[in-house]
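S.K.: Contents are compact mmCIF, C-alpha atoms and all ligand atoms; file name protein.txt:
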# COMPACT_ATOMS: atom_id res chain seq x y z
CA MET A 148 -14.96 -0.64 -21.21
CA ILE A 149 -12.09 -1.41 -18.86
CA THR A 150 -12.40 0.64 -15.68
CA THR A 151 -10.01 0.96 -12.73
CA ALA A 152 -12.38 -1.09 -10.58
CA ASN A 153 -15.60 -2.79 -11.65
CA PRO A 154 -18.27 -3.15 -8.95
CA LEU A 155 -21.02 -4.16 -11.40
CA ARG A 156 -19.01 -7.08 -12.64
CA ARG A 157 -18.18 -8.08 -9.08
CA PHE A 158 -21.94 -8.25 -8.47
CA HIS A 159 -22.48 -10.42 -11.53
CA SER A 160 -19.74 -12.84 -10.56
CA ARG A 161 -21.29 -13.42 -7.09
CA LYS A 162 -24.91 -12.70 -7.97
CA ASP A 163 -26.61 -15.72 -6.37
CA GLU A 164 -24.78 -15.40 -3.08
CA ILE A 165 -25.35 -11.64 -2.88
CA LEU A 166 -29.05 -11.84 -3.72
CA SER A 167 -29.56 -14.60 -1.19
CA ALA A 168 -27.83 -12.47 1.48
CA ILE A 169 -30.06 -9.51 0.59
CA ASN A 170 -33.14 -11.70 0.74
CA ARG A 171 -32.11 -13.10 4.13
CA VAL A 172 -31.87 -9.55 5.55
CA LEU A 173 -35.15 -8.35 4.08
CA GLU A 174 -36.97 -11.40 5.43
CA SER A 175 -35.39 -11.04 8.88
CA GLY A 176 -37.24 -7.87 9.85
CA GLU A 177 -34.02 -6.47 11.31
CA TYR A 178 -32.32 -3.74 9.28
CA ILE A 179 -29.92 -1.67 11.38
CA LEU A 180 -27.15 -2.87 13.74
CA GLY A 181 -28.57 -6.36 14.02
CA ARG A 182 -27.28 -9.92 13.61
CA GLU A 183 -25.56 -9.36 10.25
CA VAL A 184 -23.55 -6.38 11.48
CA LYS A 185 -22.58 -8.29 14.65
CA SER A 186 -21.50 -11.31 12.62
CA PHE A 187 -19.58 -9.24 10.09
CA GLU A 188 -17.82 -7.30 12.86
CA LYS A 189 -16.82 -10.59 14.47
CA GLU A 190 -15.66 -12.18 11.20
CA PHE A 191 -13.73 -9.07 10.14
CA ALA A 192 -11.98 -8.85 13.53
CA GLU A 193 -11.09 -12.56 13.36
CA TRP A 194 -9.78 -12.18 9.83
CA LEU A 195 -7.51 -9.32 10.97
CA GLY A 196 -6.58 -11.01 14.23
CA ILE A 197 -7.75 -8.04 16.29
CA SER A 198 -10.10 -7.89 19.30
CA TYR A 199 -12.77 -5.38 18.26
CA ALA A 200 -14.35 -4.21 15.02
CA VAL A 201 -17.15 -1.62 14.91
CA GLY A 202 -19.16 -1.08 11.74
CA VAL A 203 -20.11 2.46 10.73
CA GLY A 204 -21.61 4.38 7.79
CA ASN A 205 -18.40 4.98 5.83
CA ALA A 206 -14.66 5.42 6.37
CA THR A 207 -14.77 9.23 6.46
CA ASP A 208 -17.06 8.91 9.50
CA ALA A 209 -14.78 6.18 10.86
CA LEU A 210 -11.79 8.55 10.74
CA GLU A 211 -13.74 11.35 12.41
CA ILE A 212 -15.08 8.97 15.08
CA SER A 213 -11.58 7.64 15.79
CA LEU A 214 -10.30 11.15 16.40
CA ARG A 215 -13.20 11.86 18.76
CA ALA A 216 -12.76 8.51 20.55
CA LEU A 217 -9.09 9.34 21.11
CA GLY A 218 -10.08 12.65 22.68
CA ILE A 219 -8.75 14.86 19.89
CA GLU A 220 -10.29 18.28 20.39
CA LYS A 221 -10.84 21.54 18.61
CA GLY A 222 -7.55 23.11 17.64
CA ASP A 223 -5.51 19.93 18.11
CA GLU A 224 -3.19 19.12 15.24
CA VAL A 225 -3.13 15.85 13.32
CA ILE A 226 -0.24 14.99 11.02
CA THR A 227 -1.14 13.27 7.75
CA VAL A 228 -0.27 13.28 4.06
CA SER A 229 -1.94 15.27 1.33
CA HIS A 230 -1.38 12.35 -1.06
CA THR A 231 -4.49 10.50 0.16
CA ALA A 232 -8.23 10.47 -0.37
CA THR A 233 -9.94 13.81 0.28
CA ALA A 234 -11.75 11.91 3.03
CA THR A 235 -8.71 11.73 5.31
CA ILE A 236 -8.39 15.52 5.42
CA ALA A 237 -12.16 16.12 5.50
CA ALA A 238 -12.49 13.85 8.55
CA ILE A 239 -9.80 15.71 10.50
CA ILE A 240 -11.55 19.02 9.79
CA ALA A 241 -14.96 17.53 10.69
CA ALA A 242 -13.54 16.50 14.07
CA GLY A 243 -12.56 20.12 14.65
CA ALA A 244 -8.83 19.41 14.40
CA ILE A 245 -6.21 20.92 12.12
CA PRO A 246 -4.66 18.74 9.38
CA VAL A 247 -0.90 19.16 9.05
CA MET A 248 0.18 17.66 5.75
CA ILE A 249 3.67 16.30 5.21
CA ASP A 250 5.37 14.85 2.15
CA ILE A 251 5.55 11.25 1.00
CA ASP A 252 8.31 8.78 0.27
CA GLU A 253 9.23 8.58 -3.40
CA GLU A 254 9.35 4.77 -3.46
CA THR A 255 6.15 3.84 -1.62
CA PHE A 256 4.01 6.99 -2.12
CA THR A 257 3.19 6.84 1.60
CA MET A 258 4.08 9.14 4.53
CA ASN A 259 7.80 9.94 4.83
CA PRO A 260 8.45 9.26 8.54
CA GLU A 261 11.55 11.45 8.53
CA LEU A 262 9.34 14.51 8.11
CA ILE A 263 7.09 13.86 11.12
CA GLU A 264 9.35 15.31 13.75
CA GLU A 265 9.70 18.76 12.21
CA ALA A 266 5.89 18.99 11.81
CA ILE A 267 5.25 18.41 15.52
CA THR A 268 4.13 21.37 17.65
CA GLU A 269 2.81 21.41 21.21
CA ARG A 270 -0.70 20.93 19.82
CA THR A 271 0.08 17.78 17.82
CA ARG A 272 -1.94 14.82 19.14
CA ALA A 273 -2.10 12.19 16.41
CA VAL A 274 -0.70 10.86 13.14
CA ILE A 275 -2.80 9.38 10.33
CA PRO A 276 -0.70 7.45 7.83
CA ALA A 277 -2.62 6.22 4.76
CA HIS A 278 -1.66 2.87 3.26
CA LEU A 279 -2.11 4.06 -0.29
CA TYR A 280 -2.77 1.90 -3.38
CA GLY A 281 -2.55 -1.10 -1.07
CA HIS A 282 1.04 -0.32 -0.15
CA PRO A 283 1.51 -0.08 3.62
CA ALA A 284 3.17 3.00 5.12
CA ASP A 285 6.45 2.55 7.02
CA MET A 286 4.74 1.65 10.30
CA ASN A 287 7.93 0.65 12.14
CA ALA A 288 9.39 4.13 11.80
CA ILE A 289 6.04 5.88 12.34
CA CYS A 290 5.35 3.89 15.54
CA ARG A 291 8.82 4.64 16.88
CA ILE A 292 8.37 8.40 16.52
CA ALA A 293 4.76 8.35 17.72
CA ARG A 294 5.71 6.47 20.89
CA GLU A 295 8.59 8.82 21.58
CA LYS A 296 6.42 11.92 21.10
CA ASN A 297 3.30 10.50 22.72
CA LEU A 298 1.15 10.72 19.58
CA LYS A 299 -1.78 8.44 18.78
CA ILE A 300 -1.78 6.56 15.47
CA ILE A 301 -4.87 6.04 13.32
CA GLU A 302 -4.12 3.90 10.28
CA ASP A 303 -6.18 4.77 7.22
CA ALA A 304 -6.32 1.28 5.70
CA SER A 305 -9.18 2.13 3.32
CA GLN A 306 -7.08 1.05 0.33
CA ALA A 307 -5.19 -1.75 2.05
CA HIS A 308 -7.48 -4.62 3.07
CA GLY A 309 -5.16 -7.56 3.64
CA ALA A 310 -1.87 -5.67 3.11
CA LYS A 311 0.85 -6.81 5.47
CA ILE A 312 3.75 -5.21 7.29
CA ASN A 313 6.11 -7.87 8.66
CA GLU A 314 3.25 -10.38 8.86
CA ARG A 315 0.97 -7.88 10.67
CA LEU A 316 -2.07 -6.79 8.77
CA ALA A 317 -2.47 -3.13 7.89
CA GLY A 318 -4.96 -1.50 10.26
CA THR A 319 -3.99 -3.58 13.31
CA ILE A 320 -0.84 -1.68 14.30
CA GLY A 321 -1.93 1.79 15.45
CA GLU A 322 -4.41 2.59 18.26
CA ILE A 323 -7.22 2.42 15.69
CA GLY A 324 -7.41 1.15 12.09
CA VAL A 325 -10.01 2.39 9.61
CA PHE A 326 -11.41 0.57 6.57
CA SER A 327 -13.75 1.65 3.77
CA PHE A 328 -16.12 -0.67 1.92
CA TYR A 329 -17.01 1.89 -0.78
CA PRO A 330 -17.92 0.01 -3.99
CA THR A 331 -14.46 0.20 -5.59
CA LYS A 332 -12.42 -0.89 -2.55
CA ASN A 333 -10.79 -4.30 -2.27
CA ILE A 334 -13.53 -5.53 0.07
CA ALA A 335 -16.64 -3.63 -0.91
CA SER A 336 -20.39 -3.39 -0.74
CA PHE A 337 -22.77 -1.66 -3.14
CA GLY A 338 -23.15 1.54 -1.18
CA ASP A 339 -21.39 3.17 1.78
CA ALA A 340 -19.96 1.32 4.76
CA GLY A 341 -16.86 1.56 6.95
CA MET A 342 -15.18 -0.11 9.92
CA LEU A 343 -13.01 0.82 12.89
CA VAL A 344 -10.78 -1.80 14.49
CA THR A 345 -8.85 -1.73 17.75
CA ASP A 346 -7.41 -3.95 20.46
CA ASN A 347 -8.37 -1.50 23.21
CA PRO A 348 -11.72 -2.37 24.89
CA GLU A 349 -12.32 1.17 26.21
CA LEU A 350 -11.75 2.67 22.78
CA ALA A 351 -14.09 0.09 21.25
CA LYS A 352 -16.77 1.02 23.76
CA ARG A 353 -16.36 4.74 23.12
CA ILE A 354 -16.52 4.15 19.35
CA GLU A 355 -19.74 2.18 19.74
CA GLU A 356 -21.24 5.02 21.74
CA ILE A 357 -20.20 7.73 19.31
CA ARG A 358 -21.63 5.87 16.31
CA GLN A 359 -25.09 6.07 17.89
CA TYR A 360 -25.85 9.37 19.66
CA GLY A 361 -23.43 8.72 22.53
CA TRP A 362 -25.77 6.04 23.83
CA SER A 363 -24.56 3.68 26.51
CA SER A 364 -26.09 0.19 26.52
CA SER A 365 -29.19 1.57 28.23
CA ARG A 366 -29.92 3.96 25.35
CA ILE A 367 -29.01 6.94 27.47
CA SER A 368 -26.66 9.52 25.95
CA MET A 369 -23.69 9.65 28.31
CA SER A 370 -21.63 11.68 25.84
CA PHE A 371 -22.12 13.45 22.53
CA GLY A 372 -22.42 11.17 19.56
CA ARG A 373 -23.87 11.06 16.10
CA ASN A 374 -25.53 8.62 13.76
CA SER A 375 -23.13 6.57 11.68
CA ARG A 376 -24.48 3.03 11.70
CA MET A 377 -23.80 0.16 9.34
CA ASP A 378 -26.87 -1.30 7.60
CA GLU A 379 -27.73 -4.98 7.88
CA LEU A 380 -27.88 -5.15 4.07
CA HIS A 381 -24.31 -3.97 3.64
CA ALA A 382 -23.06 -6.20 6.44
CA ALA A 383 -24.68 -9.26 4.82
CA ILE A 384 -23.15 -8.43 1.42
CA LEU A 385 -19.78 -7.75 3.02
CA ARG A 386 -19.83 -11.15 4.71
CA VAL A 387 -20.08 -12.68 1.22
CA MET A 388 -17.22 -10.52 -0.06
CA LEU A 389 -14.99 -11.23 2.95
CA SER A 390 -15.49 -14.97 2.49
CA HIS A 391 -14.02 -14.65 -1.03
CA PHE A 392 -11.19 -12.32 -0.11
CA GLU A 393 -8.32 -14.79 -0.55
CA GLU A 394 -9.25 -15.74 -4.11
CA ASP A 395 -9.99 -12.11 -5.07
CA ASN A 396 -6.70 -10.99 -3.62
CA SER A 397 -4.63 -13.61 -5.38
CA HIS A 398 -6.30 -12.65 -8.65
CA ARG A 399 -5.31 -9.00 -8.10
CA GLN A 400 -1.76 -10.09 -7.22
CA ALA A 401 -1.62 -12.04 -10.49
CA ILE A 402 -2.73 -9.03 -12.53
CA ALA A 403 -0.20 -6.80 -10.76
CA LYS A 404 2.52 -9.34 -11.51
CA PHE A 405 1.46 -9.50 -15.15
CA TYR A 406 1.65 -5.68 -15.44
CA LEU A 407 5.09 -5.57 -13.82
CA ASP A 408 6.33 -8.16 -16.27
CA ALA A 409 4.66 -6.76 -19.37
CA LEU A 410 5.77 -3.17 -18.71
CA LYS A 411 9.22 -3.70 -17.26
CA SER A 412 11.17 -2.70 -20.38
CA LEU A 413 9.31 0.61 -20.80
CA PRO A 414 10.64 3.92 -19.45
CA LEU A 415 8.24 3.79 -16.50
CA LYS A 416 8.85 3.57 -12.79
CA LEU A 417 6.78 0.63 -11.64
CA PRO A 418 5.59 -0.09 -8.10
CA LYS A 419 7.36 -2.70 -6.01
CA VAL A 420 6.40 -6.33 -6.56
CA ASN A 421 4.29 -6.68 -3.44
CA ALA A 422 2.51 -3.37 -4.00
CA GLU A 423 -0.97 -3.28 -5.43
CA ILE A 424 -1.86 -0.79 -8.06
CA GLN A 425 -5.20 0.77 -7.35
CA HIS A 426 -7.31 3.75 -8.20
CA ALA A 427 -5.29 6.90 -7.53
CA TRP A 428 -7.02 9.18 -5.05
CA HIS A 429 -4.32 11.79 -5.40
CA LEU A 430 -6.14 15.03 -4.87
CA TYR A 431 -3.37 17.21 -3.59
CA HIS A 432 -3.61 20.97 -4.31
CA LEU A 433 -6.37 20.53 -6.82
CA HIS A 434 -8.61 21.31 -3.87
CA PRO A 435 -8.62 25.03 -3.16
CA ALA A 436 -10.56 24.47 0.09
CA PHE A 437 -7.60 22.75 1.71
CA LYS A 438 -5.00 25.26 0.61
CA GLN A 439 -5.30 27.15 3.89
CA PHE A 440 -3.82 24.14 5.68
CA MET A 441 -0.64 23.96 3.60
CA ARG A 442 2.36 24.74 5.79
CA ALA A 443 5.26 23.06 4.08
CA GLN A 444 6.24 22.50 0.48
CA LEU A 445 5.51 18.94 -0.63
CA PRO A 446 7.77 18.41 -3.65
CA VAL A 447 7.48 14.61 -3.84
CA THR A 448 3.69 14.71 -3.52
CA GLU A 449 3.50 17.33 -6.22
CA LYS A 450 5.75 15.42 -8.60
CA ILE A 451 3.92 12.15 -8.08
CA ALA A 452 0.47 13.72 -8.35
CA ASN A 453 1.51 15.01 -11.76
CA GLU A 454 3.16 11.84 -13.01
CA ILE A 455 1.30 8.90 -11.56
CA LEU A 456 -0.79 6.62 -13.75
CA SER A 457 -3.12 4.14 -12.06
CA LEU A 458 -3.90 1.03 -14.04
CA PRO A 459 -7.18 -0.89 -13.96
CA ILE A 460 -7.07 -3.72 -11.43
CA ASP A 461 -10.10 -5.56 -10.11
CA SER A 462 -10.91 -9.01 -8.80
CA SER A 463 -13.33 -9.41 -11.73
CA MET A 464 -10.81 -8.39 -14.39
CA GLN A 465 -10.01 -10.85 -17.17
CA ASP A 466 -6.51 -11.70 -18.41
CA SER A 467 -7.34 -10.44 -21.89
CA GLU A 468 -8.22 -7.01 -20.43
CA ALA A 469 -4.93 -6.74 -18.56
CA GLU A 470 -3.18 -7.69 -21.81
CA LYS A 471 -5.07 -4.96 -23.64
CA VAL A 472 -4.03 -2.35 -21.04
CA ALA A 473 -0.38 -3.41 -21.28
CA GLU A 474 -0.54 -3.33 -25.06
CA LEU A 475 -1.99 0.20 -25.13
CA ILE A 476 0.70 1.47 -22.78
CA SER A 477 3.44 -0.20 -24.82
CA ARG A 478 2.04 1.31 -27.99
CA PHE A 479 2.11 4.76 -26.37
CA PHE A 480 5.86 4.46 -25.97
C1 LIG B 501 -11.91 5.61 0.08
C2 LIG B 501 -11.02 6.21 1.09
C3 LIG B 501 -11.51 6.89 2.21
C4 LIG B 501 -12.95 7.22 2.40
O1 LIG B 501 -13.78 6.15 2.45
P1 LIG B 501 -15.39 6.37 2.41
O2 LIG B 501 -15.89 5.04 2.87
O3 LIG B 501 -15.73 6.68 1.00
O4 LIG B 501 -15.73 7.47 3.34
C5 LIG B 501 -10.62 7.35 3.16
N1 LIG B 501 -9.30 7.19 3.00
C6 LIG B 501 -8.77 6.55 1.93
C7 LIG B 501 -7.30 6.38 1.82
C8 LIG B 501 -9.61 6.05 0.94
O5 LIG B 501 -9.09 5.44 -0.13
How does this structure look as structure tokens?
M.R.:
Amino acid sequence: MITTANPLRRFHSRKDEILSAINRVLESGEYILGREVKSFEKEFAEWLGISYAVGVGNATDALEISLRALGIEKGDEVITVSHTATATIAAIIAAGAIPVMIDIDEETFTMNPELIEEAITERTRAVIPAHLYGHPADMNAICRIAREKNLKIIEDASQAHGAKINERLAGTIGEIGVFSFYPTKNIASFGDAGMLVTDNPELAKRIEEIRQYGWSSSRISMSFGRNSRMDELHAAILRVMLSHFEEDNSHRQAIAKFYLDALKSLPLKLPKVNAEIQHAWHLYHLHPAFKQFMRAQLPVTEKIANEILSLPIDSSMQDSEAEKVAELISRFF
């Protein structure tokens, strides 16, 4: 079966390295926030060219923790898109804030910066653009408005490991960037894990405290925190995956290019050449729980949620499978 992403096959293609990493952790006697997490945080930060990376339990936690670290409080408003993973909205609500959802751009499927200004009220504190399907949001425009209106930016880069905006990597532009390593993501483990990145040392310190009960270095709770730690096992596996990122990424680029070529004559609107096609987490208005937060009409989101088709793309995918997908789509037309 050809699936949108294929974690099992990723395991098989790196089996020896992954099992040896797992063995190393189990034999080390150190299982939570130890050497592997430290090393992975350091390697991930270096790879992004950013000063601090803090590993946590998953990206939903990472989003919630970033809001808390930035001092977002109960009743504060956070502007985001509804065309994102449920997680983005769930995290805002978990932090006690109010999600204000605006519409997306029809070309990139990411936040339409022109709609930010009219969504701002005196309680607006932050903006969370999501770099969806691997396509970065229009960060130049978003940063300009955020600076002018004194809003913090948290980039949800959970679907955009390695995506670039004018040579800057997605996740390194706002105050905080958030990554998920859920099994289907472009850098992934075999379980839950997430990461926050920032260039601000005070924010990094606050994030480290919040991830573990508000502890300062002396294990005394100086503030309120929670438990969202990254496991040594996941960190060790993620170090293997990160070390192969370049080859995995170029393979995905090649599949995307093949699709664009093979499907270009069909009556379909295809993503831009440098965009990656990935699992669609479009969950807009199929979730009755979030309906209470809808303020504005979101016609582009609604149209795209109804019309989008996400094609299988995975670092472990074979050429023959991509050909099969293209052939089935062509036959449909
Ligand atoms: C996957 C995803 C998340 C949530 O990540 P978890 O690690 O599963 O909590 C958040 N935002 C986006 C855009 C995602 O794709």
S.K.: Can you tell me which residues sit at most 8 Å away from ligand LIG 501 (chain B), counting only C-alpha atoms and all ligand atoms, written as a list in words?
M.R.: Gly204, Asn205, Ala206, Thr207, Asp208, Ala209, Leu210, Thr231, Ala232, Thr233, Ala234, Thr235, Ala277, His278, Leu279, Tyr280, Asp303, Ala304, Ser305, Gln306, Phe326, Ser327, Phe328, Tyr329, Lys332, Asp339, Ala340, Gly341 and Trp428 of chain A
S.K.: Output as JSON the centre and edge lengths (Å, one decimal) of the box along x, y and z of the file that holds every listed atom of segment 207-213 of chain A after adding 6 Å on each side.
M.R.:
{"center_x": -14.3, "center_y": 8.8, "center_z": 11.1, "size_x": 17.5, "size_y": 17.2, "size_z": 21.3}
S.K.: Which is closest to Ala383 of chain A among A:Arg478, A:Lys185, A:Arg315, A:Lys438, if we use only C-alpha atoms?
M.R.: A:Lys185
S.K.: Please determine, counting all atoms listed in the file, which residue among A:His282, A:Lys411, A:Arg386, A:His432 has the shortest atom-to-atom distance to Ala473 of chain A.
M.R.: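 When distances to Ala473 of chain A are compared using all atoms listed in the file, the smallest one comes from A:Lys411.
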S.K.: Closest to Leu475 of chain A among A:Ile149, A:Ile402, A:Ile460, A:Ala351, using only C-alpha atoms?
M.R.: A:Ile149
S.K.: To one decimal in Å, tell me the separation between atom CA of Glu174 of chain A and atom CA of Asn153 of chain A.
M.R.: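 Separation of atom CA of Glu174 of chain A and atom CA of Asn153 of chain A: 28.7 Å.
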S.K.: Which of these, A:Glu314, A:Glu349, A:Glu190, A:Asp461, has the shortest distance to Arg399 of chain A once you count all atoms listed in the file?
M.R.: A:Asp461
S.K.: Between A:Met258, A:Leu415, A:Val274, A:Ile367, which is the closest to Ile300 of chain A once you count all atoms listed in the file?
M.R.: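 Of the candidates, the smallest distance to Ile300 of chain A is held by A:Val274.
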S.K.: What's around Arg171 of chain A at 10 Å? Count only C-alpha atoms, leave out sequence neighbours fewer than 4 positions away in its own chain, and write the answer as a ChimeraX atom specification.
M.R.: /A:165-167,175-177,183,379-380,383
S.K.: Could N, CA, C and O atoms be built for segment 216-231 of chain A and written out as a short mmCIF file (atom, residue, chain, number, x, y, z; two decimals), in the coordinates of the input?
M.R.:
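Written file, out.cif:
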data_model
loop_
_atom_site.label_atom_id
_atom_site.label_comp_id
_atom_site.auth_asym_id
_atom_site.auth_seq_id
_atom_site.Cartn_x
_atom_site.Cartn_y
_atom_site.Cartn_z
N ALA A 216 -12.93 9.55 19.52
CA ALA A 216 -12.76 8.51 20.55
C ALA A 216 -11.41 8.66 21.25
O ALA A 216 -11.27 8.32 22.42
N LEU A 217 -10.42 9.15 20.53
CA LEU A 217 -9.09 9.34 21.11
C LEU A 217 -8.97 10.66 21.87
O LEU A 217 -7.91 11.00 22.38
N GLY A 218 -10.07 11.41 21.92
CA GLY A 218 -10.08 12.65 22.68
C GLY A 218 -9.43 13.83 21.96
O GLY A 218 -9.07 14.82 22.59
N ILE A 219 -9.29 13.74 20.66
CA ILE A 219 -8.75 14.86 19.89
C ILE A 219 -9.79 15.98 19.91
O ILE A 219 -10.97 15.74 19.66
N GLU A 220 -9.34 17.18 20.23
CA GLU A 220 -10.29 18.28 20.39
C GLU A 220 -10.03 19.42 19.43
O GLU A 220 -9.01 19.44 18.73
N LYS A 221 -10.95 20.36 19.47
CA LYS A 221 -10.84 21.54 18.61
C LYS A 221 -9.47 22.19 18.75
O LYS A 221 -9.01 22.42 19.87
N GLY A 222 -8.84 22.44 17.62
CA GLY A 222 -7.55 23.11 17.64
C GLY A 222 -6.36 22.17 17.76
O GLY A 222 -5.22 22.59 17.56
N ASP A 223 -6.61 20.90 18.09
CA ASP A 223 -5.51 19.93 18.11
C ASP A 223 -5.02 19.70 16.67
O ASP A 223 -5.79 19.82 15.72
N GLU A 224 -3.75 19.35 16.57
CA GLU A 224 -3.19 19.12 15.24
C GLU A 224 -2.99 17.63 14.97
O GLU A 224 -2.61 16.88 15.87
N VAL A 225 -3.26 17.24 13.73
CA VAL A 225 -3.13 15.85 13.32
C VAL A 225 -2.25 15.81 12.07
O VAL A 225 -2.57 16.44 11.06
N ILE A 226 -1.16 15.07 12.15
CA ILE A 226 -0.24 14.99 11.02
C ILE A 226 -0.70 13.90 10.06
O ILE A 226 -0.99 12.77 10.46
N THR A 227 -0.77 14.25 8.77
CA THR A 227 -1.14 13.27 7.75
C THR A 227 -0.46 13.64 6.44
O THR A 227 0.43 14.50 6.41
N VAL A 228 -0.83 12.97 5.37
CA VAL A 228 -0.27 13.28 4.06
C VAL A 228 -1.34 13.93 3.19
O VAL A 228 -2.53 13.69 3.41
N SER A 229 -0.92 14.73 2.22
CA SER A 229 -1.94 15.27 1.33
C SER A 229 -2.16 14.30 0.17
O SER A 229 -3.18 14.36 -0.52
N HIS A 230 -1.21 13.36 -0.02
CA HIS A 230 -1.38 12.35 -1.06
C HIS A 230 -2.23 11.21 -0.50
O HIS A 230 -1.75 10.14 -0.14
N THR A 231 -3.54 11.47 -0.38
CA THR A 231 -4.49 10.50 0.16
C THR A 231 -5.85 10.85 -0.39
O THR A 231 -5.99 11.77 -1.18
#
